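Student: Take a look at run.cif, mmCIF, C-alpha atoms:
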```cif
data_start
loop_
_atom_site.label_atom_id
_atom_site.label_comp_id
_atom_site.auth_asym_id
_atom_site.auth_seq_id
_atom_site.Cartn_x
_atom_site.Cartn_y
_atom_site.Cartn_z
CA MET J 119 104.53 78.52 65.93
CA VAL J 120 102.16 81.46 65.63
CA LEU J 121 99.69 81.92 68.47
CA LEU J 122 96.15 82.66 67.48
CA PRO J 123 94.67 85.75 69.15
CA ALA J 124 92.20 83.60 71.11
CA SER J 125 95.06 81.69 72.78
CA ARG J 126 96.89 84.79 73.98
CA PRO J 127 94.55 85.56 76.89
CA LYS J 128 94.83 81.93 78.01
CA ARG J 129 98.62 82.17 77.88
CA HIS J 130 98.56 85.33 80.03
CA PHE J 131 96.08 83.76 82.48
CA ASN J 132 98.30 80.68 82.78
CA ALA J 133 101.42 82.79 83.26
CA ALA J 134 99.68 84.91 85.93
CA GLU J 135 98.58 81.75 87.77
CA GLY J 136 102.14 80.43 87.64
CA TYR J 137 103.57 83.66 89.01
CA LEU J 138 101.01 83.61 91.81
CA MET J 139 102.07 80.07 92.74
CA LEU J 140 105.64 81.36 92.92
CA GLU J 141 104.48 84.33 95.02
CA MET J 142 105.56 86.83 92.37
CA PRO J 143 102.67 89.32 92.36
CA GLU J 144 104.29 92.03 90.22
CA GLN J 145 104.92 89.57 87.40
CA ALA J 146 101.35 88.25 87.71
CA LEU J 147 100.02 91.81 87.50
CA ARG J 148 102.15 92.40 84.41
CA GLU J 149 100.66 89.33 82.72
CA LEU J 150 97.14 90.36 83.66
CA SER J 151 97.72 93.84 82.21
CA CYS J 152 98.25 92.19 78.80
CA ILE J 153 94.73 90.76 78.74
CA GLY J 154 92.33 92.66 76.53
CA PRO J 155 89.03 94.26 77.59
CA THR J 156 86.85 91.38 76.41
CA ASP J 157 88.66 88.80 78.55
CA SER J 158 89.38 91.12 81.45
CA ASP J 159 85.68 91.39 82.33
CA SER J 160 85.56 87.86 83.69
CA GLU J 161 85.40 86.26 87.10
CA LYS J 162 88.74 84.53 86.48
CA TYR J 163 90.47 87.80 85.62
CA TYR J 164 89.14 89.65 88.66
CA CYS J 165 89.93 86.76 90.99
CA LEU J 166 93.52 86.50 89.73
CA LEU J 167 93.88 90.27 89.91
CA GLY J 168 92.63 90.20 93.51
CA GLN J 169 95.08 87.44 94.40
CA ALA J 170 98.00 89.35 92.88
CA GLN J 171 97.03 92.59 94.61
CA GLN J 172 96.54 90.74 97.89
CA LEU J 173 99.95 89.12 97.61
CA ALA J 174 101.42 92.56 96.88
CA LYS J 175 99.70 93.79 100.09
CA HIS J 176 97.42 96.18 98.20
CA PHE J 177 94.41 95.07 100.22
CA SER J 178 91.96 97.83 99.30
CA GLU J 179 92.60 97.32 95.59
CA ALA J 180 92.36 93.56 96.03
CA LEU J 181 88.99 93.99 97.71
CA GLU J 182 87.69 95.90 94.69
CA SER J 183 88.89 93.15 92.36
CA TYR J 184 87.45 90.39 94.53
CA GLN J 185 84.13 92.26 94.71
CA SER J 186 84.03 92.33 90.90
CA ALA J 187 84.75 88.59 90.84
CA TYR J 188 82.07 88.04 93.49
CA GLU J 189 79.48 89.81 91.35
CA LYS J 190 80.16 87.28 88.58
CA ALA J 191 80.53 84.12 90.73
CA PRO J 192 79.37 84.65 94.33
CA GLU J 193 80.12 81.09 95.47
CA ASN J 194 83.77 80.94 94.39
CA LEU J 195 85.75 79.89 97.46
CA THR J 196 88.99 81.59 96.38
CA THR J 197 87.12 84.86 95.95
CA LEU J 198 85.29 84.56 99.27
CA MET J 199 88.44 83.71 101.21
CA GLY J 200 90.39 86.47 99.48
CA MET J 201 87.69 89.00 100.32
CA ALA J 202 87.66 87.92 103.97
CA TRP J 203 91.47 88.10 104.14
CA CYS J 204 91.43 91.64 102.76
CA TYR J 205 88.56 92.76 104.98
CA LYS J 206 90.57 91.56 107.97
CA ARG J 207 93.63 93.48 106.85
CA THR J 208 91.66 96.67 106.23
CA ASP J 209 90.24 96.58 109.77
CA GLN J 210 86.79 95.39 108.70
CA LEU J 211 86.65 92.24 110.83
CA PRO J 212 82.82 92.03 110.99
CA LEU J 213 82.74 91.93 107.16
CA ALA J 214 85.48 89.29 107.14
CA ILE J 215 83.37 87.14 109.46
CA SER J 216 80.25 87.71 107.40
CA ILE J 217 81.99 86.67 104.17
CA MET J 218 83.45 83.56 105.83
CA GLU J 219 80.00 82.62 107.13
CA GLU J 220 78.79 82.93 103.54
CA ALA J 221 81.70 80.77 102.41
CA HIS J 222 80.63 78.18 104.98
CA ARG J 223 77.08 78.15 103.60
CA HIS J 224 78.48 77.23 100.18
CA HIS J 225 81.51 75.18 101.24
CA ALA J 226 80.68 73.53 104.58
CA ASP J 227 82.84 70.56 103.57
CA GLN J 228 86.04 72.64 103.46
CA PRO J 229 87.87 72.54 106.81
CA ILE J 230 89.91 75.67 105.98
CA VAL J 231 86.69 77.69 105.93
CA LEU J 232 85.87 76.59 109.48
CA TYR J 233 89.47 77.22 110.57
CA ASN J 234 89.40 80.77 109.18
CA LEU J 235 86.09 81.43 110.91
CA SER J 236 87.76 80.34 114.13
CA CYS J 237 90.64 82.75 113.52
CA TYR J 238 88.37 85.69 112.83
CA PHE J 239 86.17 85.00 115.85
CA ALA J 240 89.30 84.77 118.01
CA LEU J 241 90.38 88.19 116.74
CA ALA J 242 86.90 89.53 117.48
CA GLY J 243 87.18 88.31 121.08
CA ASP J 244 84.37 85.76 120.64
CA LYS J 245 85.91 82.79 122.43
CA THR J 246 82.82 80.58 122.22
CA ASN J 247 82.55 80.80 118.44
CA ALA J 248 86.32 80.68 117.98
CA LEU J 249 86.62 77.42 119.90
CA SER J 250 83.52 75.91 118.34
CA TRP J 251 84.75 76.53 114.78
CA LEU J 252 88.29 75.45 115.68
CA GLY J 253 87.12 72.15 117.16
CA ARG J 254 84.94 71.44 114.15
CA SER J 255 87.73 72.26 111.70
CA LEU J 256 90.20 70.01 113.51
CA ARG J 257 87.72 67.13 113.59
CA MET J 258 87.36 67.48 109.82
CA GLU J 259 91.09 67.90 109.14
CA SER J 260 93.56 67.23 111.93
CA GLY J 261 96.37 68.43 109.64
CA LEU J 262 95.27 71.99 110.39
CA LEU J 263 96.74 71.47 113.85
CA LYS J 264 100.20 72.28 112.47
CA LEU J 265 99.04 75.81 111.58
CA ILE J 266 97.99 76.76 115.10
CA ALA J 267 101.44 77.26 116.62
CA GLU J 268 102.31 79.98 114.07
CA GLU J 269 98.83 81.53 113.88
CA PRO J 270 98.88 84.99 115.51
CA ASP J 271 95.07 85.16 115.36
CA PHE J 272 95.00 82.73 118.30
CA ASP J 273 97.41 84.67 120.50
CA SER J 274 94.58 85.90 122.75
CA LEU J 275 93.52 82.29 123.40
CA ARG J 276 96.87 80.53 123.84
CA SER J 277 96.72 80.53 127.65
CA ASP J 278 93.02 79.63 127.72
CA LYS J 279 92.43 76.14 129.16
CA ASP J 280 89.56 75.40 126.77
CA PHE J 281 91.71 76.34 123.77
CA GLN J 282 94.56 74.19 125.05
CA PHE J 283 92.16 71.28 125.59
CA ILE J 284 90.87 71.46 122.00
CA VAL J 285 94.38 71.64 120.58
CA GLU J 286 95.68 68.81 122.79
CA SER J 287 92.65 66.64 122.06
CA ALA J 288 93.15 67.08 118.34
CA GLY J 289 96.81 66.18 118.78
CA ASP J 290 95.87 63.06 120.75
CA THR J 291 93.43 62.00 118.02
CA THR J 292 96.08 62.56 115.36
CA SER J 293 98.66 60.42 117.17
CA GLN J 294 96.08 57.65 117.78
CA ASN J 295 95.28 57.50 114.06
CA ARG J 296 98.90 56.73 113.11
#
```
Could you write out this file's structure as structure tokens?

Tutor:
Amino acid sequence: MVLLPASRPKRHFNAAEGYLMLEMPEQALRELSCIGPTDSDSEKYYCLLGQAQQLAKHFSEALESYQSAYEKAPENLTTLMGMAWCYKRTDQLPLAISIMEEAHRHHADQPIVLYNLSCYFALAGDKTNALSWLGRSLRMESGLLKLIAEEPDFDSLRSDKDFQFIVESAGDTTSQNR
């Protein structure tokens, strides 16, 4: 079977997405490098490139790619969360919070957005906002509770009685719903 030129970019996009699911950033980057200039100036391309660079721990480069994706589709949740992740890892926590607040404006129904806001506020030392966002996220999705034990962003709050109360209350609600 001969592939038509129009299908080749799609094949490379699909392969890159597959490699990202397998956490193989170098292979994803290789696939993305095969995409021509016409198709590489797209939100999808820049978002996938950002994800691959982020996974490869090239956070500054990933930020540039995510910013290009953002210019084309400013409400894309993957782009917004990727940008926030990279801002956090390049010691730009206020920008990470700002981007996650923007994500919340567009995706208030996504519990992971509220959870990430809680994480970033905890890192910023803003206990009130951290606990508020955490409680709201857990009320929306109690399954997020399983992430808390391994989440280093909450280390500064682990011995806090209010934090413990929110976590225990969410656990009690989860067990009552079974």

Student: For the PyMOL selection byres ((chain J and resi 157-168) around 7), applied here, can you spell out every residue it catches as a VMD selection string?

Tutor: chain J and resid 127 147 153 to 156 169 to 172 180 to 181 183 to 184 186 to 187 190 to 191 197

Student: Could you tell me, as a ChimeraX atom specification, exactly which residues end up selected when the PyMOL selection byres ((chain J and resi 269) around 12) is applied to this structure?

Tutor: /J:233-234,236-238,240-241,262-268,270-276

Student: For this file, the PyMOL selection byres ((chain J and resi 248) around 8) selects which residues, as a PyMOL selection string?

Tutor: chain J and resi 235-240+244-247+249-252

Student: Could those residues be written to a file, using C-alpha atoms, as a PDB file, in the frame of the given file?

Tutor:
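The resulting file, selection_10.pdb, is reproduced below:
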```pdb
ATOM      1  CA  LEU J 235      86.090  81.430 110.910  1.00  0.00           C
ATOM      2  CA  SER J 236      87.760  80.340 114.130  1.00  0.00           C
ATOM      3  CA  CYS J 237      90.640  82.750 113.520  1.00  0.00           C
ATOM      4  CA  TYR J 238      88.370  85.690 112.830  1.00  0.00           C
ATOM      5  CA  PHE J 239      86.170  85.000 115.850  1.00  0.00           C
ATOM      6  CA  ALA J 240      89.300  84.770 118.010  1.00  0.00           C
ATOM      7  CA  ASP J 244      84.370  85.760 120.640  1.00  0.00           C
ATOM      8  CA  LYS J 245      85.910  82.790 122.430  1.00  0.00           C
ATOM      9  CA  THR J 246      82.820  80.580 122.220  1.00  0.00           C
ATOM     10  CA  ASN J 247      82.550  80.800 118.440  1.00  0.00           C
ATOM     11  CA  LEU J 249      86.620  77.420 119.900  1.00  0.00           C
ATOM     12  CA  SER J 250      83.520  75.910 118.340  1.00  0.00           C
ATOM     13  CA  TRP J 251      84.750  76.530 114.780  1.00  0.00           C
ATOM     14  CA  LEU J 252      88.290  75.450 115.680  1.00  0.00           C
TER      15      LEU J 252
END
```

Student: Any idea what the distance is between atom CA of Arg257 of chain J and atom CA of Pro229 of chain J?

Tutor: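 We find that atom CA of Arg257 of chain J and atom CA of Pro229 of chain J lie 8.7 Å from each other.
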
Student: Quote the spacing between atom CA of Ala226 of chain J and atom CA of Ala288 of chain J in Å to one decimal place.

Tutor: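 Computed distance, atom CA of Ala226 of chain J to atom CA of Ala288 of chain J, equals 19.7 Å.
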
Student: Here is a test: counting only C-alpha atoms, which residue of J:Gly200, J:Pro192, J:Pro212, J:Gly289 is nearest to Val231 of chain J?

Tutor: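 Using only C-alpha atoms, the shortest distance to Val231 of chain J belongs to J:Gly200.
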
Student: How far is it from atom CA of Glu135 of chain J to atom CA of His176 of chain J, in Å with one decimal?

Tutor: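 Taking atom CA of Glu135 of chain J and atom CA of His176 of chain J, their separation equals 17.8 Å.
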
Student: So that I can see what lies close to Leu211 of chain J, please list as a PyMOL selection string the residues with an atom at most 10 Å from it, counting only C-alpha atoms and leaving out residues fewer than 5 positions away in the same chain.

Tutor: chain J and resi 202-206+216-217+238-239+241-242

Student: For Ala221 of chain J, which residue out of J:Ala174, J:Tyr188, J:Asp209, J:Gly253 is the nearest one, using all atoms listed in the file?

Tutor: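 Closest residue, counting all atoms listed in the file: J:Tyr188.
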
Student: Which residue, J:Pro143, J:Glu149, J:Glu193, J:Leu198, has the smallest gap to Lys175 of chain J when you use only C-alpha atoms?

Tutor: J:Pro143
